Every structure is written in structure tokens, then in C-alpha cells.
Amino acid sequence: MKKNILHLACYSPSYEGNFIPSLRLLEEELLLLGQSTSYLFPKETKEFEWISAIQNRGRSVYLYQDNLIETVILIRSIIEKEKIGIIHLHFATNQTLFCMRIIKLLHPSVKIVFHHHNHFRSPKSRVKAFIKNYIYAADMHIGVSQSVTEKLPERLKDNNKITVKNAIYFPRLDNYKTLTHKDLNVPKNSRILLIFGGLYLIKGVDLAIQALMPIAEKENIILIIICSIGKDETIKLIESQFGPMPKWIRVMSAQSDMGSYYRAVDVFLSPSREEGFCYAVIEAAYCNAQIIASNVPGLNLLKVPHTKEFNIDDIDLFQKHILHCIDMQADEREKIQLEQKNYVQTTFNIDKWVSDVINAYNNLLNV
């Protein structure tokens, strides 16, 4: 009998992003192979449209509470009801990690796959490091980039660690609206820059504002900060660091049709201090935005053509890249856009991602 899959993900943005469509394609391919897929998400996702869409496909969706014992009991019932052979863990929290350790003791035949979407960070405290290493145990660890896989703890066996490079479901970006400056509430002739800001420091929002402070008004630049989470917190952090909100900044909530935003801007900024893998850079390149990104692992391995890179401590170079991009001639911009789009479509093909994940499952079940 085929073993079924349970995706356990601490994932709760109000829009599905690239993550949920990727799982849908994986789910569809597994169905052809006789394996069904179930999902377990945080309770906060209950009313989201993308949860309803999964249920409308006939898939089982469960929601867990902020209680370790209740979650363990729920997972055990799912294993029995859905005949689960693999639990695929994404965006793990301490609670879900502890759950997996308990589940493995109670159901040793169930395989645990830990999908690492960001770099492993070892605590400074020896006690905390020991605990973290203990709860990180799994039958297989998947890194979303070579950089993420290499940073996993050395104690993990090499044959237990693999890389499945993230990919993009590009068709979701082809359904977009043509947004005008008026739609975005920005001056008619302004140049528009876009950055994601739910994780203020990690995403380097402060670095972008530092680079723009001396030039934004002079060059008629508007910075749009999109937040899928923590919008109010981002506003507070900006005002605590820079004073009253600059009039050239717009803080907006994320929408499901991000392709509309990417296509409405001139430049996409990714000055991150840390990235496991950056969907947004690839999506922005596909949608014809110029790319400026920090030279950190997880970003510099993407190698999108004509990306303007800088070290996170070099604000002057960051600023120069911004000025170069907004002053770029139309013919140069079009040439770059074509090269970038062709590159990302070829390099980050979702079909290969689906195939690689299924091969990982098969290798695990055949051990």
C-alpha cells in the first residue's frame, strides 16, 4: 500500500504565496502515483481563502492549537485516519519539532522529513544548542539551497541531508492587473521601488531607507514596503529609527496577485541580512523589475543575470545601484528583462522541484 503524506507547516500569511501552489502541484503528481496528501496548519489560517481552496479540492485540512499535547494527539489521529507514512515539516517551530520527536517515538515507522527554508542557527548557550540538536532529528533533511544544506549541523549524516532547490510556479504571476501610479497612491512621475518588510531587520528594510534618505525626494523615488505579516510592527520600527514616516514611503499589506505589484515598479530591493532562498527576487525578475540584492548566501547563489549586488555594510554602493537602475535607458532595461526572464524560467522550473521531492520520498521509503 502506498504511503500518504502529511504536510505540517507553521505557515499563516493571508495569501498563499508560492508555497501553497507548489504543494498543490506536488499533491497532484502524488495522486497520479496513488498517494494522497493531507495538511496541518496553525489555527490562525482557518478563515483564509487558500485553506478553503485546498478543502474544495477534496483534501483534508487540519488546524493545530498552541498546545503541545493536543497537537500530538491530533497528529496521531491524522496518522491513523489518513494512513500517513511521511510527515513533511515546513517552517518548524519548537512546538512542531517537539511534536515530531514524540510522534517518532510513538510511531517509529512514520518517516519525518524536515524541510529547511532558512539557515540553521546554533544557539550560543550549550544547553540550548544541545536541545536544538536533539529536536532537529529527522529521517531526512532537505535544504532549499546548497547554502542552507551546508549550514545544517555536522552531526547529521551526509546521506540524511539533500538539497532540493526551490522553484517558482510562474503561471500565478501571469494573472495580474495593470496598476497605475494613482492605484498605488504615488505621484504621477515618481520612480517606484519595492521591498518586502514583514521581517524588518532580516529583510534589511532599514538599509533600504538609509540608502534612500539622501536621494528619495531629489530623485522623486517612492519606496513601497509590502508586509505579509507584522505591518504595524514595521511601521513602529521605521518611526522609532527614522522619526515620522517619510512621505516617500508607502507601507502596504500583501495581496495574492503579487505579479501586479512587481510589474508596477521599476526596481525590486532585497537587501537581506539572511536568506535561505528568496522567491521574491526570482518572481520580480520574471515580472520585469530590476533587481538589487545583498551579497549574502541564499541570494548570491541565485545568480539572476544583471542583479546589482552589494555588501550589507556598503550603503554607498547600494545607493549607487539604485541611481543606476532608475536612470537606465529603455533599450538596456528591455534587454536585461528578457535575459532575466529566460534565466529564471529555465533555472527554477517547478516540475523539477516536484520530481526531486517525490524522488526524496521514494528513497526514504525504500531505505
# chains A, B, ... in the order shown; residues from 1 in each chain; ligands from 1
>>> closest_atom_pairs(of="segment 256-292 of chain A", to="segment 206-210 of chain A", cutoff="9 Å", atoms="only C-alpha atoms", output="tab-separated table")
residue	atom	partner	partner_atom	distance
A:Leu269	CA	A:Ala208	CA	7.6
A:Ser270	CA	A:Ala208	CA	8.7
A:Pro271	CA	A:Leu207	CA	6.9
A:Ser272	CA	A:Leu207	CA	8.7
>>> write_last_selection(atoms="all heavy atoms", output="CSV table (one decimal), in the first residue's frame")
chain,number,residue,atom,x,y,z
A,269,LEU,N,14.0,45.6,-4.4
A,269,LEU,CA,15.1,45.6,-3.5
A,269,LEU,C,15.1,44.3,-2.6
A,269,LEU,O,14.0,44.0,-2.0
A,269,LEU,CB,15.1,46.8,-2.6
A,269,LEU,CG,15.0,48.2,-3.3
A,269,LEU,CD1,14.9,49.3,-2.3
A,269,LEU,CD2,16.2,48.4,-4.2
A,270,SER,N,16.2,43.7,-2.4
A,270,SER,CA,16.3,42.6,-1.5
A,270,SER,C,17.6,42.7,-0.7
A,270,SER,O,18.6,41.9,-0.9
A,270,SER,CB,16.3,41.2,-2.2
A,270,SER,OG,16.3,40.2,-1.3
A,271,PRO,N,17.7,43.7,0.2
A,271,PRO,CA,19.0,44.0,1.0
A,271,PRO,C,19.0,43.1,2.2
A,271,PRO,O,19.4,43.6,3.3
A,271,PRO,CB,18.9,45.4,1.3
A,271,PRO,CG,17.4,45.7,1.4
A,271,PRO,CD,16.7,44.7,0.5
A,272,SER,N,18.7,41.8,2.1
A,272,SER,CA,18.5,41.0,3.3
A,272,SER,C,19.8,40.7,4.0
A,272,SER,O,20.9,40.7,3.4
A,272,SER,CB,17.9,39.6,2.9
A,272,SER,OG,16.6,39.8,2.3
>>> residues_around(residues="Thr149 of chain A", least_positions_apart="6", cutoff="10 Å", atoms="only C-alpha atoms", output="ChimeraX atom specification")
/A:116-120,141-143,158,161-164,276
>>> residues_around(residues="Asn366 of chain A", least_positions_apart="4", cutoff="12 Å", atoms="only C-alpha atoms", output="JSON, numbers by chain")
{"A": [2, 3, 85, 111, 359, 360, 361, 362]}
>>> closest_residue(among="A:Ala289, A:Leu194, A:Ile312, A:Val251", to="Arg333 of chain A", atoms="only C-alpha atoms")
A:Ala289
>>> closest_residue(among="A:Leu30, A:Lys124, A:Lys308, A:Cys99", to="Ala137 of chain A", atoms="only C-alpha atoms")
A:Cys99
>>> closest_residue(among="A:Cys287, A:Ile69, A:Val344, A:Val61", to="Thr45 of chain A", atoms="only C-alpha atoms")
A:Val61
>>> residues_around(residues="Tyr262 of chain A", least_positions_apart="6", cutoff="12 Å", atoms="only C-alpha atoms", output="MDAnalysis selection string")
chainID A and resid 173:179 192:196 224:226 254:255 268:269 280:291
>>> select_by_dssp(residues="segment 26-263 of chain A", states="alpha helix (DSSP H)", output="VMD selection string")
chain A and resid 26 to 32 49 to 56 68 to 82 94 to 106 126 to 135 146 to 150 205 to 212 231 to 242 258 to 263
